[in-house]
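Asker: I am attaching a structure below and will ask some questions about it afterwards.
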Amino acid sequence: MRFKSTMSTFAAVLAIILVVVGCTPKEKENGGATDTGDAATATSKVFRMNLSTEPPTLDPAQSQDQVSFTVLNGLYEGLTRKNEAGEVVPGIAEKWDISEDGKTYTFHLRDAKWSNGDPVTAGDFEFAWKRALDPQLKPEPSAYAYQLYYIENAESYNTGGGATADQVGVKAVDDKTLEVKLNAATPYFLSLMSFQTYFPVHQTVKDNEAWAASPSTIISNGPFKISEWQKSTSIKLVPNENYYAKDEVKLAGVQFVMVPDSLTELNMYKTGELDWAGKPTGEIPSDQIEALRTSNKDEFNQKGIASLYYYLLNTKEKPFTNEKIRKAFSMALTRKDITDKVTKAGEIPAYGLVPPGIKGETEEYRTEVKDDYFTEDLEEAKKLLAEGMKELGITKLDPIKLTFNTSDNHKRVAQAVAEMWHKNLGVDVEIQNQEWGVFLENRNKLNYQVARAGFGADYNDPMTYIDLFTSKSGNNNTGYASPEYDDLVAKAYGEQDTKKQMELFKQAEKLFMDARAIVPLYYYSDVYLEKPGFKGIFIDYKGDIDYTRGYYEG
């Protein structure tokens, strides 16, 4: 799942509010709604929620965060999609065949169209996947290209290993038939088909590098199309009249605002300017949660999700080149104080990489494999810090720089962590917030010492977390690289025996956690408010919102 982001400053809030409320009298009355004519059952309404920040990109190949994906999920559809139970259901592919050895998938596409009326073809999928794998993709190579490595020769092409684009194992047999050849049988491959890197893109994008920056050049194939994008202010989606299942799209549209302050977001919800407040892309102030649980009990929701909140340590920059120092920083925190006194949303302290909610061999992985890779031990942390500093030849640490993307919650967590590190280790910590896009760029380039991170599952298998920190992963922003770890992950990719595969996951997770390239803090719990009357809008097991089949019953 995409990197998770929530933002918080008060900048430009007035301008944002003016845009949100600057609608016609009819829109104000009905939330931007148009009556369907069936007063007894439903009213077609615009669904309004907060993104908090500008999406860094609306290019499926370039996206790597939850803000972008929240918008993309309405604009595009892959070969499959998922229902509220997390089950794979047909998307653009109405059916598929799987070879006996599980390595060849043949997808049969339904009659579907792009928002401009062009047919969606198998060639559009082949083009999009090879584009995401292109090592020369502009403006940046895809951080998620590694999610396509299940396909024959995909990794070789993407990493310059000798294979050409023509040798990658995806081929449009004809306009309605897509053949995909895998390196090994992959039980969750159908689930991956609903992930954004596997979305198709219209082939006109090859003639316009900046296509994803303007509504006029974004041609989409999903339930909605983009009608307006006011940078750093709002995005409006309207139903796509060319969508194959347009009769299932009941909302009159979706309006995303970009309000960076959590208290302002909550007030907009209370005054009827938003229909949804809080996660996955907004935020409810933690000091308001308990009161809202009572005062808005019919609208209040809390849901544990398969997602991890953690800090990245730059293992390429001192002092975090030293493993003992990394361990000391991880051990010198009291996580339960953070979840009970700071975040207050029912989060679970984390001591591993894979969160609860992810499938294991017969039960949840976290039930079968305990996250007891380390303990909080202040005396041991002090001892390890002293030993590590001696190994580096230093007697005092310079102030540590901890950066986070702008958010009230991230700031509070950073302040608590900084205070614990100062009190328990005698280390001074400077905290700094950065705008989401800038923050992501700095993190991707290892331009940080300690940086906040959050990661949600891309599919329901431990591999979605385990392969995040291989040396080939475009989302590994730690500098950590281990041939032994890479080898364990490679073996797990090809292992068909589930029990043996889970053992490889366990070994890999232990190896990574022992290296302590990250400081796990907690497993997420999402808190959000939803206006009465909206139905069919849900948060899935990994924390993504699906509004595509939402509707309103007044």
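By order in the structure tokens, chains are A, B, ...; within a chain, residues start at 1; ligands start at 1, following the order shown.
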Skip region 372-377 of chain A itself and residues of its chain fewer than 6 positions away, then list as a short mmCIF file (atom, residue, chain, number, x, y, z; two decimals) with all heavy atoms, in the first residue's frame all residues within 12 Å of it, counting only C-alpha atoms.
Answerer:
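selection31.cif, written as the output of this step:
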```
data_model
loop_
_atom_site.label_atom_id
_atom_site.label_comp_id
_atom_site.auth_asym_id
_atom_site.auth_seq_id
_atom_site.Cartn_x
_atom_site.Cartn_y
_atom_site.Cartn_z
N LYS A 327 20.16 0.31 17.13
CA LYS A 327 19.44 -0.50 18.11
C LYS A 327 19.12 0.32 19.36
O LYS A 327 18.02 0.23 19.92
CB LYS A 327 20.25 -1.74 18.49
CG LYS A 327 20.32 -2.79 17.39
CD LYS A 327 21.10 -4.01 17.83
CE LYS A 327 21.07 -5.09 16.74
NZ LYS A 327 21.82 -6.30 17.14
N ALA A 328 20.07 1.15 19.78
CA ALA A 328 19.86 1.96 20.97
C ALA A 328 18.68 2.90 20.78
O ALA A 328 17.82 3.04 21.68
CB ALA A 328 21.13 2.76 21.28
N PHE A 329 18.59 3.55 19.62
CA PHE A 329 17.49 4.49 19.38
C PHE A 329 16.15 3.78 19.35
O PHE A 329 15.12 4.35 19.75
CB PHE A 329 17.74 5.23 18.07
CG PHE A 329 18.58 6.48 18.24
CD1 PHE A 329 19.93 6.39 18.54
CD2 PHE A 329 18.01 7.73 18.11
CE1 PHE A 329 20.71 7.53 18.71
CE2 PHE A 329 18.77 8.88 18.28
CZ PHE A 329 20.13 8.78 18.58
N SER A 330 16.12 2.54 18.89
CA SER A 330 14.87 1.80 18.84
C SER A 330 14.43 1.31 20.22
O SER A 330 13.25 1.28 20.54
CB SER A 330 15.02 0.60 17.89
OG SER A 330 13.77 0.10 17.50
N MET A 331 15.41 0.95 21.05
CA MET A 331 15.11 0.39 22.37
C MET A 331 14.78 1.46 23.40
O MET A 331 14.20 1.16 24.45
CB MET A 331 16.29 -0.45 22.87
CG MET A 331 16.59 -1.68 22.01
SD MET A 331 18.13 -2.49 22.46
CE MET A 331 17.68 -3.23 24.02
N ALA A 332 15.13 2.72 23.11
CA ALA A 332 15.01 3.79 24.11
C ALA A 332 13.67 4.51 24.05
O ALA A 332 13.56 5.67 24.46
CB ALA A 332 16.16 4.78 23.94
N LEU A 333 12.65 3.85 23.54
CA LEU A 333 11.31 4.44 23.43
C LEU A 333 10.30 3.61 24.20
O LEU A 333 10.44 2.38 24.30
CB LEU A 333 10.88 4.52 21.97
CG LEU A 333 11.73 5.37 21.03
CD1 LEU A 333 11.24 5.24 19.59
CD2 LEU A 333 11.73 6.83 21.47
N THR A 334 9.29 4.28 24.73
CA THR A 334 8.18 3.58 25.37
C THR A 334 6.97 3.75 24.48
O THR A 334 6.26 4.77 24.51
CB THR A 334 7.90 4.17 26.77
OG1 THR A 334 9.12 4.20 27.52
CG2 THR A 334 6.86 3.33 27.50
N ARG A 335 6.74 2.76 23.63
CA ARG A 335 5.73 2.87 22.59
C ARG A 335 4.31 2.99 23.14
O ARG A 335 3.48 3.69 22.57
CB ARG A 335 5.84 1.66 21.64
CG ARG A 335 7.06 1.76 20.73
CD ARG A 335 7.50 0.41 20.18
NE ARG A 335 8.63 0.56 19.27
CZ ARG A 335 9.90 0.75 19.69
NH1 ARG A 335 10.18 0.81 20.99
NH2 ARG A 335 10.88 0.88 18.80
N LYS A 336 4.05 2.31 24.26
CA LYS A 336 2.70 2.37 24.80
C LYS A 336 2.35 3.78 25.28
O LYS A 336 1.19 4.21 25.22
CB LYS A 336 2.53 1.36 25.94
CG LYS A 336 1.07 1.05 26.24
CD LYS A 336 0.93 -0.17 27.11
CE LYS A 336 -0.51 -0.65 27.22
NZ LYS A 336 -1.53 0.39 27.21
N PRO A 349 1.34 -0.96 19.84
CA PRO A 349 2.80 -0.81 19.77
C PRO A 349 3.41 -1.87 18.87
O PRO A 349 3.01 -3.03 18.90
CB PRO A 349 3.24 -0.98 21.22
CG PRO A 349 2.06 -0.52 22.02
CD PRO A 349 0.85 -0.98 21.24
N ALA A 350 4.39 -1.47 18.06
CA ALA A 350 4.97 -2.36 17.04
C ALA A 350 6.42 -2.69 17.36
O ALA A 350 7.21 -1.80 17.70
CB ALA A 350 4.88 -1.70 15.67
N TYR A 351 6.74 -3.97 17.20
CA TYR A 351 8.11 -4.44 17.40
C TYR A 351 8.57 -5.31 16.23
O TYR A 351 9.55 -6.03 16.32
CB TYR A 351 8.21 -5.24 18.71
CG TYR A 351 7.76 -4.44 19.91
CD1 TYR A 351 6.44 -4.45 20.33
CD2 TYR A 351 8.66 -3.62 20.59
CE1 TYR A 351 6.02 -3.70 21.41
CE2 TYR A 351 8.25 -2.86 21.68
CZ TYR A 351 6.93 -2.90 22.08
OH TYR A 351 6.51 -2.12 23.15
N GLY A 352 7.82 -5.23 15.14
CA GLY A 352 8.15 -6.00 13.95
C GLY A 352 7.86 -5.20 12.70
O GLY A 352 7.54 -4.01 12.75
N LEU A 353 7.91 -5.85 11.56
CA LEU A 353 7.71 -5.21 10.27
C LEU A 353 6.31 -5.46 9.72
O LEU A 353 5.66 -4.54 9.21
CB LEU A 353 8.77 -5.73 9.27
CG LEU A 353 8.67 -5.27 7.82
CD1 LEU A 353 8.77 -3.74 7.72
CD2 LEU A 353 9.79 -5.92 7.00
N VAL A 354 5.83 -6.69 9.80
CA VAL A 354 4.53 -7.05 9.23
C VAL A 354 3.44 -6.81 10.27
O VAL A 354 3.51 -7.33 11.39
CB VAL A 354 4.51 -8.53 8.81
CG1 VAL A 354 3.17 -8.90 8.19
CG2 VAL A 354 5.65 -8.82 7.83
N ARG A 366 0.91 -12.44 11.95
CA ARG A 366 1.39 -11.91 13.22
C ARG A 366 0.97 -12.80 14.38
O ARG A 366 1.59 -12.76 15.44
CB ARG A 366 0.86 -10.49 13.40
CG ARG A 366 1.60 -9.60 14.37
CD ARG A 366 2.96 -9.12 13.90
NE ARG A 366 4.00 -10.10 13.89
CZ ARG A 366 5.14 -9.97 13.20
NH1 ARG A 366 5.36 -8.93 12.44
NH2 ARG A 366 6.06 -10.91 13.26
N LYS A 383 23.93 1.47 27.02
CA LYS A 383 25.16 0.69 26.86
C LYS A 383 25.51 0.56 25.38
O LYS A 383 26.67 0.77 24.98
CB LYS A 383 24.95 -0.69 27.48
CG LYS A 383 26.11 -1.67 27.31
CD LYS A 383 25.83 -2.93 28.11
CE LYS A 383 26.87 -4.01 27.86
NZ LYS A 383 26.77 -4.60 26.51
N LEU A 384 24.52 0.24 24.54
CA LEU A 384 24.76 0.09 23.11
C LEU A 384 25.16 1.42 22.48
O LEU A 384 26.03 1.46 21.59
CB LEU A 384 23.51 -0.45 22.42
CG LEU A 384 23.17 -1.92 22.68
CD1 LEU A 384 21.78 -2.25 22.15
CD2 LEU A 384 24.22 -2.83 22.04
N MET A 420 11.78 11.53 24.51
CA MET A 420 12.26 10.25 25.04
C MET A 420 13.73 10.04 24.74
O MET A 420 14.49 9.58 25.60
CB MET A 420 11.42 9.11 24.48
CG MET A 420 10.00 9.04 25.00
SD MET A 420 9.07 7.65 24.25
CE MET A 420 7.43 7.97 24.88
N ASN A 424 16.23 9.67 27.75
CA ASN A 424 16.77 8.32 27.95
C ASN A 424 18.19 8.14 27.43
O ASN A 424 18.93 7.28 27.94
CB ASN A 424 15.86 7.30 27.28
CG ASN A 424 14.46 7.30 27.88
OD1 ASN A 424 14.27 7.64 29.04
ND2 ASN A 424 13.46 6.93 27.08
N LEU A 425 18.56 8.91 26.41
CA LEU A 425 19.89 8.75 25.81
C LEU A 425 20.76 10.01 25.91
O LEU A 425 21.93 9.97 25.54
CB LEU A 425 19.76 8.36 24.33
CG LEU A 425 19.08 7.01 24.02
CD1 LEU A 425 18.98 6.82 22.50
CD2 LEU A 425 19.85 5.86 24.65
N LYS A 506 9.76 -15.37 7.92
CA LYS A 506 10.17 -15.22 9.32
C LYS A 506 11.68 -14.95 9.42
O LYS A 506 12.11 -14.05 10.16
CB LYS A 506 9.81 -16.49 10.10
CG LYS A 506 10.20 -16.45 11.57
CD LYS A 506 9.80 -17.75 12.27
CE LYS A 506 10.25 -17.75 13.72
NZ LYS A 506 9.86 -19.02 14.41
N GLN A 507 12.47 -15.70 8.65
CA GLN A 507 13.92 -15.50 8.67
C GLN A 507 14.29 -14.11 8.15
O GLN A 507 15.16 -13.43 8.71
CB GLN A 507 14.60 -16.58 7.82
CG GLN A 507 14.50 -17.98 8.38
CD GLN A 507 15.10 -19.01 7.43
OE1 GLN A 507 16.11 -18.75 6.76
NE2 GLN A 507 14.48 -20.18 7.37
N ALA A 508 13.62 -13.71 7.08
CA ALA A 508 13.93 -12.41 6.49
C ALA A 508 13.54 -11.28 7.44
O ALA A 508 14.30 -10.31 7.61
CB ALA A 508 13.20 -12.26 5.15
N GLU A 509 12.36 -11.38 8.04
CA GLU A 509 11.93 -10.33 8.96
C GLU A 509 12.89 -10.22 10.14
O GLU A 509 13.25 -9.10 10.55
CB GLU A 509 10.51 -10.60 9.45
CG GLU A 509 9.96 -9.46 10.31
CD GLU A 509 8.54 -9.69 10.81
OE1 GLU A 509 8.14 -10.87 10.94
OE2 GLU A 509 7.84 -8.70 11.06
N LYS A 510 13.33 -11.35 10.68
CA LYS A 510 14.26 -11.31 11.81
C LYS A 510 15.58 -10.68 11.39
O LYS A 510 16.14 -9.85 12.13
CB LYS A 510 14.51 -12.72 12.35
CG LYS A 510 15.40 -12.73 13.59
CD LYS A 510 15.60 -14.12 14.14
CE LYS A 510 16.33 -14.08 15.49
NZ LYS A 510 17.55 -13.25 15.49
N LEU A 511 16.08 -11.04 10.22
CA LEU A 511 17.34 -10.47 9.74
C LEU A 511 17.23 -8.96 9.62
O LEU A 511 18.13 -8.21 10.04
CB LEU A 511 17.70 -11.09 8.39
CG LEU A 511 19.02 -10.62 7.74
CD1 LEU A 511 20.21 -11.05 8.59
CD2 LEU A 511 19.14 -11.19 6.33
N PHE A 512 16.12 -8.50 9.06
CA PHE A 512 15.95 -7.06 8.87
C PHE A 512 15.76 -6.35 10.21
O PHE A 512 16.36 -5.29 10.45
CB PHE A 512 14.75 -6.79 7.96
CG PHE A 512 14.47 -5.33 7.77
CD1 PHE A 512 15.32 -4.54 6.99
CD2 PHE A 512 13.39 -4.73 8.38
CE1 PHE A 512 15.09 -3.18 6.84
CE2 PHE A 512 13.13 -3.38 8.23
CZ PHE A 512 13.99 -2.60 7.45
N MET A 513 14.94 -6.91 11.09
CA MET A 513 14.70 -6.25 12.36
C MET A 513 15.95 -6.25 13.23
O MET A 513 16.19 -5.30 13.98
CB MET A 513 13.55 -6.94 13.11
CG MET A 513 12.18 -6.75 12.45
SD MET A 513 11.77 -5.01 12.12
CE MET A 513 11.92 -4.30 13.74
N ASP A 514 16.79 -7.27 13.12
CA ASP A 514 18.05 -7.28 13.87
C ASP A 514 18.98 -6.17 13.39
O ASP A 514 19.77 -5.63 14.17
CB ASP A 514 18.75 -8.64 13.72
CG ASP A 514 18.09 -9.73 14.56
OD1 ASP A 514 17.24 -9.39 15.41
OD2 ASP A 514 18.42 -10.91 14.36
N ALA A 515 18.89 -5.82 12.12
CA ALA A 515 19.72 -4.73 11.58
C ALA A 515 19.21 -3.37 12.02
O ALA A 515 19.95 -2.40 12.03
CB ALA A 515 19.75 -4.80 10.05
N ARG A 516 17.91 -3.29 12.37
CA ARG A 516 17.25 -2.11 12.90
C ARG A 516 17.44 -0.87 12.02
O ARG A 516 17.79 0.21 12.50
CB ARG A 516 17.73 -1.82 14.32
CG ARG A 516 16.61 -1.25 15.19
CD ARG A 516 15.75 -2.33 15.69
NE ARG A 516 16.52 -2.92 16.76
CZ ARG A 516 16.58 -4.09 17.23
NH1 ARG A 516 15.94 -4.76 16.87
NH2 ARG A 516 17.30 -4.61 18.14
N VAL A 519 12.78 2.18 12.91
CA VAL A 519 12.28 2.16 14.28
C VAL A 519 10.77 2.00 14.20
O VAL A 519 10.04 2.96 13.96
CB VAL A 519 12.62 3.47 15.02
CG1 VAL A 519 12.07 3.43 16.45
CG2 VAL A 519 14.13 3.71 15.04
N PRO A 520 10.26 0.77 14.35
CA PRO A 520 8.80 0.59 14.32
C PRO A 520 8.18 1.23 15.55
O PRO A 520 8.72 1.11 16.66
CB PRO A 520 8.64 -0.94 14.33
CG PRO A 520 9.87 -1.45 14.98
CD PRO A 520 10.96 -0.50 14.63
N LEU A 521 7.07 1.94 15.36
CA LEU A 521 6.41 2.60 16.49
C LEU A 521 5.06 1.97 16.81
O LEU A 521 4.83 1.56 17.95
CB LEU A 521 6.24 4.09 16.20
CG LEU A 521 7.54 4.90 16.13
CD1 LEU A 521 7.26 6.35 15.80
CD2 LEU A 521 8.31 4.80 17.45
#
```
Asker: From region 331-382 of chain A, collect each residue whose DSSP state is strand (DSSP E or B) and return the set as a list in words.
Answerer: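 Everything in region 331-382 of chain A that counts as strand (DSSP E or B) is Ile348, Pro349, Lys359 and Glu364 of chain A.
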Asker: Using only C-alpha atoms, can you tell me which of A:Lys390, A:Lys130, A:His422, A:Lys499 comes closest to Leu378 (chain A)?
Answerer: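 Closest candidate: A:His422.
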Asker: If we count only C-alpha atoms, what is near Tyr149 (chain A) at a cut-off of 10 Å, once residues fewer than 3 positions away on the same chain are taken out, given as a PDB file with N, CA, C and O atoms, in the first residue's frame?
Answerer:
```pdb
ATOM      1  N   LEU A 133       8.042  -0.100 -16.102  1.00  0.00           N
ATOM      2  CA  LEU A 133       9.326  -0.799 -15.984  1.00  0.00           C
ATOM      3  C   LEU A 133      10.471  -0.073 -16.682  1.00  0.00           C
ATOM      4  O   LEU A 133      11.645  -0.379 -16.439  1.00  0.00           O
ATOM      5  N   TYR A 144       7.794   1.919  -7.796  1.00  0.00           N
ATOM      6  CA  TYR A 144       7.079   0.660  -7.626  1.00  0.00           C
ATOM      7  C   TYR A 144       7.311  -0.326  -8.761  1.00  0.00           C
ATOM      8  O   TYR A 144       6.596  -1.321  -8.877  1.00  0.00           O
ATOM      9  N   ALA A 145       8.315  -0.082  -9.580  1.00  0.00           N
ATOM     10  CA  ALA A 145       8.593  -1.009 -10.685  1.00  0.00           C
ATOM     11  C   ALA A 145       8.815  -2.431 -10.175  1.00  0.00           C
ATOM     12  O   ALA A 145       8.457  -3.410 -10.843  1.00  0.00           O
ATOM     13  N   TYR A 146       9.376  -2.548  -8.980  1.00  0.00           N
ATOM     14  CA  TYR A 146       9.675  -3.884  -8.447  1.00  0.00           C
ATOM     15  C   TYR A 146       8.417  -4.719  -8.235  1.00  0.00           C
ATOM     16  O   TYR A 146       8.488  -5.950  -8.160  1.00  0.00           O
ATOM     17  N   GLU A 152       7.932 -12.407 -16.130  1.00  0.00           N
ATOM     18  CA  GLU A 152       9.177 -12.839 -16.784  1.00  0.00           C
ATOM     19  C   GLU A 152       9.936 -11.655 -17.377  1.00  0.00           C
ATOM     20  O   GLU A 152       9.356 -10.813 -18.084  1.00  0.00           O
ATOM     21  N   ASN A 153      11.230 -11.577 -17.081  1.00  0.00           N
ATOM     22  CA  ASN A 153      12.156 -10.591 -17.640  1.00  0.00           C
ATOM     23  C   ASN A 153      11.858  -9.146 -17.243  1.00  0.00           C
ATOM     24  O   ASN A 153      12.537  -8.221 -17.710  1.00  0.00           O
ATOM     25  N   ALA A 154      10.891  -8.940 -16.362  1.00  0.00           N
ATOM     26  CA  ALA A 154      10.569  -7.572 -15.948  1.00  0.00           C
ATOM     27  C   ALA A 154      11.733  -6.949 -15.176  1.00  0.00           C
ATOM     28  O   ALA A 154      12.116  -5.801 -15.428  1.00  0.00           O
ATOM     29  N   GLU A 155      12.275  -7.694 -14.240  1.00  0.00           N
ATOM     30  CA  GLU A 155      13.388  -7.170 -13.452  1.00  0.00           C
ATOM     31  C   GLU A 155      14.611  -6.913 -14.322  1.00  0.00           C
ATOM     32  O   GLU A 155      15.275  -5.878 -14.198  1.00  0.00           O
ATOM     33  N   SER A 156      14.902  -7.842 -15.215  1.00  0.00           N
ATOM     34  CA  SER A 156      16.059  -7.683 -16.091  1.00  0.00           C
ATOM     35  C   SER A 156      15.937  -6.432 -16.955  1.00  0.00           C
ATOM     36  O   SER A 156      16.892  -5.675 -17.111  1.00  0.00           O
ATOM     37  N   TYR A 157      14.756  -6.187 -17.474  1.00  0.00           N
ATOM     38  CA  TYR A 157      14.542  -4.992 -18.285  1.00  0.00           C
ATOM     39  C   TYR A 157      14.667  -3.729 -17.441  1.00  0.00           C
ATOM     40  O   TYR A 157      15.350  -2.763 -17.813  1.00  0.00           O
ATOM     41  N   ASN A 158      14.049  -3.732 -16.273  1.00  0.00           N
ATOM     42  CA  ASN A 158      14.025  -2.546 -15.424  1.00  0.00           C
ATOM     43  C   ASN A 158      15.406  -2.196 -14.863  1.00  0.00           C
ATOM     44  O   ASN A 158      15.725  -1.011 -14.681  1.00  0.00           O
ATOM     45  N   VAL A 168       9.784  -8.818 -22.075  1.00  0.00           N
ATOM     46  CA  VAL A 168       8.996  -8.854 -20.831  1.00  0.00           C
ATOM     47  C   VAL A 168       7.741  -9.689 -21.070  1.00  0.00           C
ATOM     48  O   VAL A 168       7.085  -9.570 -22.104  1.00  0.00           O
ATOM     49  N   LEU A 182       4.588 -15.471 -15.731  1.00  0.00           N
ATOM     50  CA  LEU A 182       5.261 -15.173 -14.470  1.00  0.00           C
ATOM     51  C   LEU A 182       6.505 -16.039 -14.299  1.00  0.00           C
ATOM     52  O   LEU A 182       6.635 -17.111 -14.897  1.00  0.00           O
ATOM     53  N   ASN A 183       7.406 -15.566 -13.439  1.00  0.00           N
ATOM     54  CA  ASN A 183       8.597 -16.354 -13.113  1.00  0.00           C
ATOM     55  C   ASN A 183       8.227 -17.578 -12.279  1.00  0.00           C
ATOM     56  O   ASN A 183       8.867 -18.627 -12.398  1.00  0.00           O
ATOM     57  N   TYR A 493       9.895 -15.744  -3.083  1.00  0.00           N
ATOM     58  CA  TYR A 493       9.148 -15.494  -4.315  1.00  0.00           C
ATOM     59  C   TYR A 493       8.835 -16.809  -5.038  1.00  0.00           C
ATOM     60  O   TYR A 493       7.737 -17.011  -5.554  1.00  0.00           O
TER      61      TYR A 493
END
```
Asker: What's around Tyr552 (chain A) at 10 Å? Count only C-alpha atoms, leave out sequence neighbours fewer than 5 positions away in its own chain, and write the answer as a list in words.
Answerer: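 Neighbouring residues, sequence-local ones excluded: Thr41, Ala42, Thr43, Ser44, Lys45, Val46, Phe47, Lys250, Leu251, Ala252, Lys531, Pro532, Gly533, Phe534, Lys535, Gly536 and Ile537 of chain A.
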Asker: Please save N, CA, C and O atoms of the selected residues as a PDB file, in the first residue's frame.
Answerer:
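Now in selection-v6.pdb:
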```
ATOM      1  N   THR A  41     -35.935   6.784  -2.120  1.00  0.00           N
ATOM      2  CA  THR A  41     -34.821   5.887  -1.862  1.00  0.00           C
ATOM      3  C   THR A  41     -33.479   6.589  -1.818  1.00  0.00           C
ATOM      4  O   THR A  41     -32.720   6.435  -0.875  1.00  0.00           O
ATOM      5  N   ALA A  42     -33.141   7.369  -2.805  1.00  0.00           N
ATOM      6  CA  ALA A  42     -31.777   7.876  -2.850  1.00  0.00           C
ATOM      7  C   ALA A  42     -31.710   9.236  -3.509  1.00  0.00           C
ATOM      8  O   ALA A  42     -32.539   9.594  -4.332  1.00  0.00           O
ATOM      9  N   THR A  43     -30.722   9.999  -3.106  1.00  0.00           N
ATOM     10  CA  THR A  43     -30.413  11.276  -3.729  1.00  0.00           C
ATOM     11  C   THR A  43     -28.966  11.224  -4.179  1.00  0.00           C
ATOM     12  O   THR A  43     -28.094  10.845  -3.398  1.00  0.00           O
ATOM     13  N   SER A  44     -28.710  11.576  -5.409  1.00  0.00           N
ATOM     14  CA  SER A  44     -27.350  11.563  -5.919  1.00  0.00           C
ATOM     15  C   SER A  44     -26.623  12.780  -5.372  1.00  0.00           C
ATOM     16  O   SER A  44     -27.015  13.916  -5.639  1.00  0.00           O
ATOM     17  N   LYS A  45     -25.590  12.535  -4.581  1.00  0.00           N
ATOM     18  CA  LYS A  45     -24.874  13.622  -3.928  1.00  0.00           C
ATOM     19  C   LYS A  45     -23.389  13.564  -4.259  1.00  0.00           C
ATOM     20  O   LYS A  45     -22.849  12.503  -4.560  1.00  0.00           O
ATOM     21  N   VAL A  46     -22.763  14.701  -4.140  1.00  0.00           N
ATOM     22  CA  VAL A  46     -21.307  14.768  -4.216  1.00  0.00           C
ATOM     23  C   VAL A  46     -20.750  14.360  -2.857  1.00  0.00           C
ATOM     24  O   VAL A  46     -21.229  14.807  -1.812  1.00  0.00           O
ATOM     25  N   PHE A  47     -19.773  13.485  -2.872  1.00  0.00           N
ATOM     26  CA  PHE A  47     -19.106  13.045  -1.653  1.00  0.00           C
ATOM     27  C   PHE A  47     -17.864  13.910  -1.453  1.00  0.00           C
ATOM     28  O   PHE A  47     -17.039  14.035  -2.351  1.00  0.00           O
ATOM     29  N   LYS A 250     -23.313   5.782  -8.284  1.00  0.00           N
ATOM     30  CA  LYS A 250     -24.481   6.507  -7.792  1.00  0.00           C
ATOM     31  C   LYS A 250     -24.165   7.924  -7.322  1.00  0.00           C
ATOM     32  O   LYS A 250     -25.076   8.756  -7.225  1.00  0.00           O
ATOM     33  N   LEU A 251     -22.916   8.181  -6.969  1.00  0.00           N
ATOM     34  CA  LEU A 251     -22.563   9.525  -6.504  1.00  0.00           C
ATOM     35  C   LEU A 251     -22.573  10.509  -7.670  1.00  0.00           C
ATOM     36  O   LEU A 251     -22.202  10.154  -8.794  1.00  0.00           O
ATOM     37  N   ALA A 252     -22.964  11.739  -7.394  1.00  0.00           N
ATOM     38  CA  ALA A 252     -22.940  12.784  -8.424  1.00  0.00           C
ATOM     39  C   ALA A 252     -21.522  13.254  -8.691  1.00  0.00           C
ATOM     40  O   ALA A 252     -21.264  13.913  -9.699  1.00  0.00           O
ATOM     41  N   LYS A 531     -20.738  11.145   7.491  1.00  0.00           N
ATOM     42  CA  LYS A 531     -22.088  11.684   7.618  1.00  0.00           C
ATOM     43  C   LYS A 531     -23.143  10.598   7.414  1.00  0.00           C
ATOM     44  O   LYS A 531     -22.993   9.729   6.537  1.00  0.00           O
ATOM     45  N   PRO A 532     -24.204  10.646   8.191  1.00  0.00           N
ATOM     46  CA  PRO A 532     -25.300   9.688   8.017  1.00  0.00           C
ATOM     47  C   PRO A 532     -25.877   9.784   6.604  1.00  0.00           C
ATOM     48  O   PRO A 532     -25.927  10.857   6.006  1.00  0.00           O
ATOM     49  N   GLY A 533     -26.295   8.660   6.096  1.00  0.00           N
ATOM     50  CA  GLY A 533     -26.916   8.621   4.768  1.00  0.00           C
ATOM     51  C   GLY A 533     -26.007   8.063   3.704  1.00  0.00           C
ATOM     52  O   GLY A 533     -26.481   7.469   2.726  1.00  0.00           O
ATOM     53  N   PHE A 534     -24.693   8.229   3.854  1.00  0.00           N
ATOM     54  CA  PHE A 534     -23.769   7.679   2.857  1.00  0.00           C
ATOM     55  C   PHE A 534     -23.583   6.184   3.108  1.00  0.00           C
ATOM     56  O   PHE A 534     -23.355   5.751   4.226  1.00  0.00           O
ATOM     57  N   LYS A 535     -23.698   5.423   2.045  1.00  0.00           N
ATOM     58  CA  LYS A 535     -23.576   3.964   2.111  1.00  0.00           C
ATOM     59  C   LYS A 535     -22.563   3.501   1.061  1.00  0.00           C
ATOM     60  O   LYS A 535     -22.303   4.174   0.069  1.00  0.00           O
ATOM     61  N   GLY A 536     -22.008   2.320   1.281  1.00  0.00           N
ATOM     62  CA  GLY A 536     -21.147   1.700   0.279  1.00  0.00           C
ATOM     63  C   GLY A 536     -19.771   2.307   0.168  1.00  0.00           C
ATOM     64  O   GLY A 536     -18.999   1.945  -0.723  1.00  0.00           O
ATOM     65  N   ILE A 537     -19.431   3.236   1.055  1.00  0.00           N
ATOM     66  CA  ILE A 537     -18.087   3.813   1.100  1.00  0.00           C
ATOM     67  C   ILE A 537     -17.381   3.152   2.275  1.00  0.00           C
ATOM     68  O   ILE A 537     -17.899   3.136   3.393  1.00  0.00           O
TER      69      ILE A 537
END
```
